[in-house]
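Below: one structure, written as structure tokens.
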Amino acid sequence: LSQLFRPLDMLGWVYRTIRQGVIDMGSMFDLIDTRAEVVDAPHSMPLHVERGHIRFENVEFGYDPDRQILKGIDLDIPAGATVAVVGPSGAGKSTLARLMFRFYDVTSGRITVDGQDLRDVTQHSLRSAIGIVPQDTVLFNDTIGYNIAYGREDATAEDIASAARGAAIAGFIQALPQGFDTRVGERGLKLSGGEKQRVAIARTLVKNPPILILDEATSALDSRTEADIQATLEAIERGRTTIVIAHRLSTIVHADRIVVLESGRVVEQGSHAELLRLGGLYAEMWMRQAQEREEGEDLAAE
Ligand code: ATP
């Protein structure tokens with residue numbers, strides 16, 4: 001009988017998840033594949049973010065008991081800092097972000113925000129404190145204004161306009177015949193990858209969270225759009241503790257610290273310059289990507 005009810009449970013969970021605004025995370029967390037494994041502890045309290053100091057203490061985790069993915073991660077992310085997580089595909093970068101959002105609980109060790117263990121706080125308060133700019137933003141079949149305000153029913157027209165300015169998309173919206181009332185999504189105006197990302201940034205600005213997780217798109221935007229978006233992101237990172245999951249190293253050169261993950265372990269960390277001097281995995285990845293960029297430019301010039 002329980003087999004029969006499982007799909008219903010799943011649906012209920014997806015519905016609740018969407019209501020909580022988790023859909024923001026788009027492909028990053030792959031809603032349908034993720035099971036409801038985590039429940040609020042009976043004694044859980046709302047998370048109180050004072051400064052936004054994040055710590056991973058000897059964190060171990062596996063999706064399946066027989067396959068460990070994170071193998072003793074220690075990370076100290078000072079309040080307000082921007083930390084980029086890089087590493088080969090499958091190293092566990094997105095897994096770190098999923099644990100931060102408490103889609104799963106750690107197998108051992110702990111993750112804290114301002115000293116509070118994520119397992120002791122309500123999921124609602126945790127998810128309200130974290131803004132995610134995902135790889136792929138899901139747009140609802142509604143107005144662009146609704147899409148920006150999404151998750152904050154109390155947002156005023158001025159909040160929405162100001163977030164659009166912060167995300168450098170206000171000019172584009174105002175030029176549309178129906179402005180913020182323009183319908184977008186499947187049945188409305190189609191937005192480009194860069195425009196969608198700006199909507200996600202504006203959505204995050206309306207939410208105004210003390211902690212940010214940026215999941216950099218793997219599919220490249222054209223280099224001018226990418227540079228523009230990068231500048232916007234750097235502006236919204238200010239004053240917030242930010243974790244950037246990065247694929248292209250050129251976008252995280254400015255990070256306060258770069259953490260290099262390989263097979264679930266932190267193998268190097270430091271600033272861009274320090275890691276280049278170290279001459280290890282990061283330096284190797286940097287050289288390879290620089291070479292690829294050059295080859296790309298040569299092709300474009302031909
Ligand atoms: P990429 O750069 O390719 O996005 P990543 O470093 O973000 O990779 P993760 O997505 O964290 O890597 O995945 C780490 C490992 O965990 C991979 O081997 C992956 O197969 C496994 N994994 C990811 N999600 C799940 C899941 N839902 N169930 C089981 N295993 C998973």
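By order of appearance in the structure tokens: chains A, B, ..., then residues from 1 within every chain, and ligands from 1 in the order shown.
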Inset, instruction - Please identify all polymer residues within 10 Å of Pro42 (chain A), counting only C-alpha atoms, omitting same-chain residues fewer than 2 positions from it, and present them as a PyMOL selection string. - result: chain A and resi 39-40+44-45+120-122
For the residues selected in the previous step, produce a file with N, CA and C atoms as a PDB file, in the first residue's frame.
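Generated output (result03.pdb):
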```
ATOM      1  N   VAL A  39      13.162  16.575   7.210  1.00  0.00           N
ATOM      2  CA  VAL A  39      12.011  17.194   7.869  1.00  0.00           C
ATOM      3  C   VAL A  39      12.513  18.082   9.006  1.00  0.00           C
ATOM      4  N   ASP A  40      11.708  19.055   9.397  1.00  0.00           N
ATOM      5  CA  ASP A  40      12.096  19.916  10.512  1.00  0.00           C
ATOM      6  C   ASP A  40      12.166  19.095  11.797  1.00  0.00           C
ATOM      7  N   SER A  44      13.056  22.552  16.249  1.00  0.00           N
ATOM      8  CA  SER A  44      13.723  23.511  15.358  1.00  0.00           C
ATOM      9  C   SER A  44      13.245  24.944  15.585  1.00  0.00           C
ATOM     10  N   MET A  45      14.190  25.863  15.390  1.00  0.00           N
ATOM     11  CA  MET A  45      13.936  27.293  15.603  1.00  0.00           C
ATOM     12  C   MET A  45      14.193  28.006  14.284  1.00  0.00           C
ATOM     13  N   ASP A 120      19.064  22.156  12.996  1.00  0.00           N
ATOM     14  CA  ASP A 120      18.285  22.653  14.143  1.00  0.00           C
ATOM     15  C   ASP A 120      17.395  23.837  13.788  1.00  0.00           C
ATOM     16  N   VAL A 121      17.414  24.258  12.519  1.00  0.00           N
ATOM     17  CA  VAL A 121      16.605  25.437  12.159  1.00  0.00           C
ATOM     18  C   VAL A 121      15.482  25.008  11.215  1.00  0.00           C
ATOM     19  N   THR A 122      14.443  25.826  11.139  1.00  0.00           N
ATOM     20  CA  THR A 122      13.328  25.464  10.257  1.00  0.00           C
ATOM     21  C   THR A 122      13.781  25.623   8.802  1.00  0.00           C
TER      22      THR A 122
END
```
Inset, instruction - Kindly provide, as a list in words, all nucleotide and amino acid residues lying within 7 Å of ligand 1, counting only C-alpha atoms and all ligand atoms. - result: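 Written in the requested form, the residues are Asp33, Thr34, Tyr63, Asp64, Ile69, Gly87, Pro88, Ser89, Gly90, Ala91, Gly92, Lys93, Ser94, Thr95, Leu96 and His247 of chain A.
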Can I get the selection written as a CSV table (one decimal), in the first residue's frame, with N, CA and C atoms?
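New file selection.csv:
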```csv
chain,number,residue,atom,x,y,z
A,33,ASP,N,13.8,14.5,-9.3
A,33,ASP,CA,14.6,13.4,-8.8
A,33,ASP,C,15.0,13.5,-7.3
A,34,THR,N,14.6,14.6,-6.7
A,34,THR,CA,15.0,14.8,-5.3
A,34,THR,C,13.9,14.3,-4.4
A,63,TYR,N,24.8,10.2,-1.6
A,63,TYR,CA,23.4,10.1,-1.9
A,63,TYR,C,22.9,8.6,-1.6
A,64,ASP,N,23.9,7.7,-1.7
A,64,ASP,CA,23.6,6.3,-1.4
A,64,ASP,C,24.6,5.9,-0.3
A,69,ILE,N,30.2,10.8,-1.5
A,69,ILE,CA,30.5,11.8,-2.5
A,69,ILE,C,31.4,12.9,-1.8
A,87,GLY,N,36.3,22.8,-9.8
A,87,GLY,CA,36.8,21.5,-9.8
A,87,GLY,C,36.2,20.7,-10.9
A,88,PRO,N,36.8,19.5,-11.2
A,88,PRO,CA,36.3,18.7,-12.3
A,88,PRO,C,34.9,18.3,-12.2
A,89,SER,N,34.3,18.0,-13.3
A,89,SER,CA,32.9,17.5,-13.3
A,89,SER,C,32.7,16.3,-12.4
A,90,GLY,N,31.7,16.3,-11.6
A,90,GLY,CA,31.4,15.2,-10.6
A,90,GLY,C,32.2,15.3,-9.3
A,91,ALA,N,32.9,16.4,-9.1
A,91,ALA,CA,33.7,16.6,-7.9
A,91,ALA,C,32.9,16.8,-6.6
A,92,GLY,N,31.6,17.3,-6.8
A,92,GLY,CA,30.7,17.5,-5.7
A,92,GLY,C,30.3,18.9,-5.5
A,93,LYS,N,30.6,19.8,-6.4
A,93,LYS,CA,30.3,21.2,-6.3
A,93,LYS,C,28.8,21.5,-6.0
A,94,SER,N,28.0,20.9,-6.9
A,94,SER,CA,26.5,21.2,-6.7
A,94,SER,C,26.0,20.5,-5.4
A,95,THR,N,26.6,19.4,-5.1
A,95,THR,CA,26.2,18.7,-3.9
A,95,THR,C,26.4,19.6,-2.7
A,96,LEU,N,27.5,20.3,-2.6
A,96,LEU,CA,27.8,21.2,-1.5
A,96,LEU,C,26.6,22.2,-1.4
A,247,HIS,N,32.1,27.1,-13.4
A,247,HIS,CA,32.7,26.2,-14.4
A,247,HIS,C,33.7,26.9,-15.2
```
Inset, instruction - Could you tell me how far CA of Ser108 (chain A) lies from CA of Val259 (chain A), in Å and to one decimal? - result: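 Between CA of Ser108 (chain A) and CA of Val259 (chain A) the gap works out to 20.6 Å.
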Inset, instruction - Rank nothing, just name the residue among A:Asn58, A:Gln174, A:Ser223, A:Thr241 nearest to Leu70 (chain A), using only C-alpha atoms. - result: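 Smallest distance to Leu70 (chain A) is found for A:Asn58.
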Legend entry - Residue set, region 62-171 of chain A restricted to helix (DSSP H, G or I), as a PyMOL selection string: chain A and resi 93-100+118-120+123-129+144-149+157-166+170-171
Legend entry - Pick from A:Ile130, A:Val38, A:Arg277, A:Val138, whichever lies nearest to Phe101 (chain A) using only C-alpha atoms: A:Ile130
Can you pull out every residue within 9 Å of His124 (chain A), counting only C-alpha atoms, but drop anything in the same chain fewer than 4 positions away, and send it as a tab-separated table (two decimals) with N, CA and C atoms, in the first residue's frame?
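Contents of result.tsv, as written:
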```
chain	number	residue	atom	x	y	z
A	20	GLN	N	7.23	27.08	-1.64
A	20	GLN	CA	8.28	27.71	-0.84
A	20	GLN	C	9.28	28.47	-1.69
A	46	PRO	N	13.63	29.19	14.10
A	46	PRO	CA	13.97	29.93	12.88
A	46	PRO	C	15.46	30.29	12.88
A	47	LEU	N	16.06	30.22	11.71
A	47	LEU	CA	17.48	30.62	11.59
A	47	LEU	C	17.57	32.12	11.82
A	128	SER	N	14.54	31.00	3.24
A	128	SER	CA	14.27	32.44	3.07
A	128	SER	C	15.58	33.23	3.12
A	129	ALA	N	16.56	32.66	3.83
A	129	ALA	CA	17.82	33.40	4.02
A	129	ALA	C	18.79	33.23	2.85
```
Legend entry - Among the residues A:Lys196, A:Gly109, A:Arg102, A:Asp136, the one that comes closest to Ile73 (chain A) [using only C-alpha atoms]: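 The shortest atom-to-atom distance to Ile73 (chain A) comes from A:Gly109.
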Inset, instruction - Go through A:Lys71, A:Ile144, A:Asp66, A:Val106 one by one, measure the shortest atom-to-atom distance of each to Glu37 (chain A) using only C-alpha atoms, and give the residue with the smallest value. - result: A:Val106
Legend entry - Residue list (strand (DSSP E or B), DSSP) for region 163-253 of chain A, as a PyMOL selection string: chain A and resi 183-184+189+211-215+241-245
Inset, instruction - Could you check which of A:Gly80, A:Gly131, A:Gly62, A:Gly166 is closest to Tyr104 (chain A), using only C-alpha atoms? - result: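 Once distances to Tyr104 (chain A) are computed over only C-alpha atoms, the minimum belongs to A:Gly62.
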Kindly provide the residues of region 109-142 of chain A that approach region 200-205 of chain A to within 8 Å, each paired with its closest atom pair and their distance in Å to one decimal, based on only C-alpha atoms, listed by chain and increasing number, as JSON lines.
```
{"residue": "A:Gly131", "atom": "CA", "partner": "A:Thr204", "partner_atom": "CA", "distance": 5.6}
{"residue": "A:Ile132", "atom": "CA", "partner": "A:Thr204", "partner_atom": "CA", "distance": 7.0}
{"residue": "A:Val133", "atom": "CA", "partner": "A:Ala200", "partner_atom": "CA", "distance": 5.8}
{"residue": "A:Pro134", "atom": "CA", "partner": "A:Ala200", "partner_atom": "CA", "distance": 7.5}
{"residue": "A:Thr137", "atom": "CA", "partner": "A:Ala200", "partner_atom": "CA", "distance": 6.3}
```
Okay, now the selection with N, CA, C and O atoms, as a short mmCIF file (atom, residue, chain, number, x, y, z; two decimals), in the first residue's frame?
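The resulting file, again38.cif, is reproduced below:
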```cif
data_model
loop_
_atom_site.label_atom_id
_atom_site.label_comp_id
_atom_site.auth_asym_id
_atom_site.auth_seq_id
_atom_site.Cartn_x
_atom_site.Cartn_y
_atom_site.Cartn_z
N GLY A 131 19.46 33.10 -1.25
CA GLY A 131 18.99 33.40 -2.60
C GLY A 131 19.81 32.59 -3.58
O GLY A 131 21.02 32.43 -3.41
N ILE A 132 19.13 32.03 -4.58
CA ILE A 132 19.87 31.23 -5.55
C ILE A 132 19.69 31.84 -6.92
O ILE A 132 18.56 32.14 -7.33
N VAL A 133 20.78 32.07 -7.62
CA VAL A 133 20.68 32.43 -9.03
C VAL A 133 21.10 31.18 -9.79
O VAL A 133 22.28 30.81 -9.79
N PRO A 134 20.13 30.47 -10.35
CA PRO A 134 20.42 29.15 -10.92
C PRO A 134 20.97 29.24 -12.33
O PRO A 134 20.99 30.30 -12.95
N THR A 137 16.87 29.62 -15.34
CA THR A 137 15.76 30.15 -14.57
C THR A 137 14.43 29.68 -15.14
O THR A 137 14.22 29.72 -16.35
#
```
Legend entry - A:Asp154, A:Ala97, A:Gln68, A:Val59 ranked by distance to Ile111 (chain A), top pick (using only C-alpha atoms):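 Closest residue, counting only C-alpha atoms: A:Val59.
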What's around Val199 (chain A) at 8 Å? Count only C-alpha atoms, leave out sequence neighbours fewer than 6 positions away in its own chain, and write the answer as a tab-separated table (two decimals) with N, CA, C and O atoms, in the first residue's frame.
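around-v5.tsv was written with the following content:
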```tsv
chain	number	residue	atom	x	y	z
A	147	ASN	N	7.05	37.61	-12.27
A	147	ASN	CA	8.22	36.74	-12.25
A	147	ASN	C	9.35	37.32	-11.39
A	147	ASN	O	10.09	36.58	-10.77
A	148	ILE	N	9.45	38.64	-11.37
A	148	ILE	CA	10.49	39.27	-10.54
A	148	ILE	C	10.09	39.22	-9.07
A	148	ILE	O	10.90	38.93	-8.19
A	164	ALA	N	14.69	45.48	-10.70
A	164	ALA	CA	14.97	45.43	-12.14
A	164	ALA	C	16.13	46.36	-12.48
A	164	ALA	O	17.00	46.00	-13.28
A	167	ALA	N	19.33	44.76	-11.43
A	167	ALA	CA	19.71	43.64	-12.29
A	167	ALA	C	19.96	44.11	-13.73
A	167	ALA	O	20.16	43.30	-14.63
A	169	ILE	N	17.96	45.35	-15.96
A	169	ILE	CA	17.01	44.89	-16.96
A	169	ILE	C	15.81	45.85	-17.04
A	169	ILE	O	14.88	45.67	-17.83
```
Inset, instruction - Using only C-alpha atoms, determine which residues lie at most 12 Å from Leu249 (chain A), disregarding the query and same-chain residues fewer than 2 positions distant; provide the list as number ranges by chain. - result: A: 84-88, 216, 218, 244-247, 251-255, 258-260, 272, 275-276, 282-290, 292-293
Inset, instruction - Have a look at CA of His53 (chain A) and CA of Glu274 (chain A) and let me know their distance in Å, one decimal. - result: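 Those two atoms sit 23.1 Å apart.
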